[in-house]
Amino acid sequence: MWTEIDNQLRRTFRFPDFRTAFSFMTDVAEEAEYQEHHPWWANEYNTVEFRLSTHDADNTVTERDRLLAEAIDKLAAEYGGEAVA
């Protein structure tokens, strides 16, 4: 589940290995381009962390963030990603 902290939706996923995490990130990049809404993210080995907010709305959480979060969840499931608590 995404957590809202400091006007951001946050979630971290862990994948089986770096290659899988990177493939997931590539698909997220394509989805972000499609939605014209780009996430802040960080990657270390098999872990990808997201922070979503809408810059055009004074860096608050909007429906655009929730839609991208939903798409990210679907992609993470396809790649076998597990949410990190």
# chains A, B, ... in the order shown; residues from 1 in each chain; ligands from 1

call {"tool": "residues_around", "arguments": {"residues": "A:Pro16", "least_positions_apart": "3", "cutoff": "8 Å", "atoms": "only C-alpha atoms", "output": "PyMOL selection string"}}
result
chain A and resi 20-21+46+80-81

call {"tool": "select_by_dssp", "arguments": {"residues": "chain A", "states": "helix (DSSP H, G or I)", "output": "VMD selection string"}}
result
chain A and resid 18 to 35 55 to 57 63 to 78

call {"tool": "closest_residue", "arguments": {"among": "A:Asp56, A:Glu82, A:Asp17, A:Glu31", "to": "A:Leu68", "atoms": "only C-alpha atoms"}}
result
A:Glu31

call {"tool": "closest_residue", "arguments": {"among": "A:Ala57, A:Arg66, A:Glu78, A:Trp41", "to": "A:Ala29", "atoms": "only C-alpha atoms"}}
result
A:Trp41

call {"tool": "residues_around", "arguments": {"residues": "A:Trp2", "least_positions_apart": "5", "cutoff": "10 Å", "atoms": "only C-alpha atoms", "output": "JSON, numbers by chain"}}
result
{"A": [8, 9, 10, 11, 12, 50, 51, 52, 66, 69, 70, 73, 83]}

call {"tool": "write_last_selection", "arguments": {"atoms": "all heavy atoms", "output": "CSV table (one decimal), in the first residue's frame"}}
result
chain,number,residue,atom,x,y,z
A,8,GLN,N,3.5,13.4,-0.3
A,8,GLN,CA,4.0,12.5,-1.4
A,8,GLN,C,3.4,11.1,-1.1
A,8,GLN,O,3.3,10.7,0.1
A,8,GLN,CB,5.6,12.4,-1.3
A,8,GLN,CG,6.3,13.6,-1.5
A,8,GLN,CD,7.8,13.5,-1.3
A,8,GLN,OE1,8.2,12.6,-0.5
A,8,GLN,NE2,8.6,14.2,-2.0
A,9,LEU,N,3.1,10.4,-2.2
A,9,LEU,CA,2.8,9.0,-2.1
A,9,LEU,C,4.1,8.3,-2.2
A,9,LEU,O,4.9,8.5,-3.1
A,9,LEU,CB,1.9,8.6,-3.2
A,9,LEU,CG,0.5,9.1,-3.2
A,9,LEU,CD1,-0.3,8.5,-4.4
A,9,LEU,CD2,-0.2,8.7,-2.0
A,10,ARG,N,4.4,7.4,-1.2
A,10,ARG,CA,5.7,6.7,-1.2
A,10,ARG,C,5.4,5.2,-1.1
A,10,ARG,O,4.5,4.7,-0.4
A,10,ARG,CB,6.5,7.1,0.1
A,10,ARG,CG,6.9,8.5,0.1
A,10,ARG,CD,7.7,8.9,1.2
A,10,ARG,NE,8.0,10.3,1.3
A,10,ARG,CZ,9.0,10.8,2.0
A,10,ARG,NH1,9.7,10.0,2.8
A,10,ARG,NH2,9.2,12.1,2.0
A,11,ARG,N,6.3,4.5,-1.8
A,11,ARG,CA,6.3,3.0,-1.8
A,11,ARG,C,7.7,2.5,-2.3
A,11,ARG,O,8.3,3.1,-3.2
A,11,ARG,CB,5.2,2.4,-2.6
A,11,ARG,CG,5.0,1.0,-2.4
A,11,ARG,CD,3.6,0.5,-2.8
A,11,ARG,NE,3.3,-0.8,-2.3
A,11,ARG,CZ,2.4,-1.6,-2.7
A,11,ARG,NH1,1.6,-1.2,-3.6
A,11,ARG,NH2,2.2,-2.7,-2.1
A,12,THR,N,8.1,1.4,-1.7
A,12,THR,CA,9.3,0.8,-2.1
A,12,THR,C,9.1,-0.7,-2.5
A,12,THR,O,8.3,-1.4,-1.8
A,12,THR,CB,10.4,0.8,-1.0
A,12,THR,OG1,10.6,2.2,-0.6
A,12,THR,CG2,11.7,0.2,-1.3
A,50,PHE,N,9.9,4.9,-4.7
A,50,PHE,CA,9.1,6.0,-5.4
A,50,PHE,C,8.6,7.0,-4.4
A,50,PHE,O,8.2,6.7,-3.3
A,50,PHE,CB,7.9,5.4,-6.1
A,50,PHE,CG,8.2,4.5,-7.2
A,50,PHE,CD1,8.3,3.1,-7.1
A,50,PHE,CD2,8.4,5.0,-8.5
A,50,PHE,CE1,8.6,2.3,-8.2
A,50,PHE,CE2,8.7,4.2,-9.6
A,50,PHE,CZ,8.8,2.9,-9.4
A,51,ARG,N,8.6,8.2,-4.9
A,51,ARG,CA,7.9,9.3,-4.2
A,51,ARG,C,7.1,10.1,-5.3
A,51,ARG,O,7.7,10.6,-6.2
A,51,ARG,CB,8.9,10.3,-3.5
A,51,ARG,CG,9.7,9.6,-2.4
A,51,ARG,CD,10.7,10.5,-1.8
A,51,ARG,NE,11.6,9.8,-0.9
A,51,ARG,CZ,12.6,10.3,-0.3
A,51,ARG,NH1,12.9,11.6,-0.5
A,51,ARG,NH2,13.3,9.6,0.5
A,52,LEU,N,5.8,10.1,-5.2
A,52,LEU,CA,5.0,10.7,-6.2
A,52,LEU,C,4.3,12.0,-5.6
A,52,LEU,O,3.7,12.0,-4.5
A,52,LEU,CB,3.9,9.8,-6.7
A,52,LEU,CG,4.3,8.4,-7.1
A,52,LEU,CD1,3.1,7.6,-7.6
A,52,LEU,CD2,5.3,8.5,-8.3
A,66,ARG,N,-2.1,9.2,-8.0
A,66,ARG,CA,-2.8,8.0,-7.7
A,66,ARG,C,-3.0,7.1,-8.9
A,66,ARG,O,-2.8,5.8,-8.8
A,66,ARG,CB,-4.2,8.3,-7.1
A,66,ARG,CG,-4.1,9.0,-5.8
A,66,ARG,CD,-5.4,9.2,-5.1
A,66,ARG,NE,-5.3,10.2,-4.0
A,66,ARG,CZ,-4.7,10.1,-2.9
A,66,ARG,NH1,-4.0,8.9,-2.6
A,66,ARG,NH2,-4.6,11.0,-2.0
A,69,ALA,N,0.5,5.6,-9.5
A,69,ALA,CA,0.7,4.6,-8.5
A,69,ALA,C,0.0,3.3,-8.8
A,69,ALA,O,0.6,2.2,-8.6
A,69,ALA,CB,0.3,5.1,-7.1
A,70,GLU,N,-1.2,3.4,-9.3
A,70,GLU,CA,-1.9,2.2,-9.7
A,70,GLU,C,-1.2,1.4,-10.8
A,70,GLU,O,-1.1,0.2,-10.8
A,70,GLU,CB,-3.3,2.6,-10.1
A,70,GLU,CG,-4.2,1.4,-10.5
A,70,GLU,CD,-5.6,1.9,-10.8
A,70,GLU,OE1,-6.2,2.7,-10.1
A,70,GLU,OE2,-6.1,1.4,-11.9
A,73,ASP,N,1.9,-0.3,-9.4
A,73,ASP,CA,1.6,-1.5,-8.7
A,73,ASP,C,1.3,-2.6,-9.7
A,73,ASP,O,1.8,-3.8,-9.4
A,73,ASP,CB,0.3,-1.3,-7.9
A,73,ASP,CG,0.5,-0.5,-6.6
A,73,ASP,OD1,1.7,-0.3,-6.2
A,73,ASP,OD2,-0.5,0.0,-6.0
A,83,ALA,N,6.3,-5.4,-2.1
A,83,ALA,CA,6.4,-4.1,-1.3
A,83,ALA,C,7.3,-4.3,-0.1
A,83,ALA,O,7.2,-5.4,0.6
A,83,ALA,CB,5.0,-3.6,-0.9

call {"tool": "select_by_dssp", "arguments": {"residues": "chain A", "states": "strand (DSSP E or B)", "output": "count of residues only"}}
result
25

call {"tool": "residues_around", "arguments": {"residues": "A:Tyr79", "least_positions_apart": "3", "cutoff": "7 Å", "atoms": "only C-alpha atoms", "output": "list of chain:residue names"}}
result
A:Thr20, A:Phe24, A:Leu75, A:Ala76

call {"tool": "residues_around", "arguments": {"residues": "A:Asp6", "least_positions_apart": "5", "cutoff": "10 Å", "atoms": "only C-alpha atoms", "output": "PyMOL selection string"}}
result
chain A and resi 51+53+59-61

call {"tool": "closest_residue", "arguments": {"among": "A:Arg19, A:Asp58, A:Thr26, A:Ala32", "to": "A:Tyr45", "atoms": "only C-alpha atoms"}}
result
A:Arg19

call {"tool": "atom_distance", "arguments": {"atom1": "atom CA of A:Phe18", "atom2": "atom CA of A:Ala77"}}
result
15.9 Å
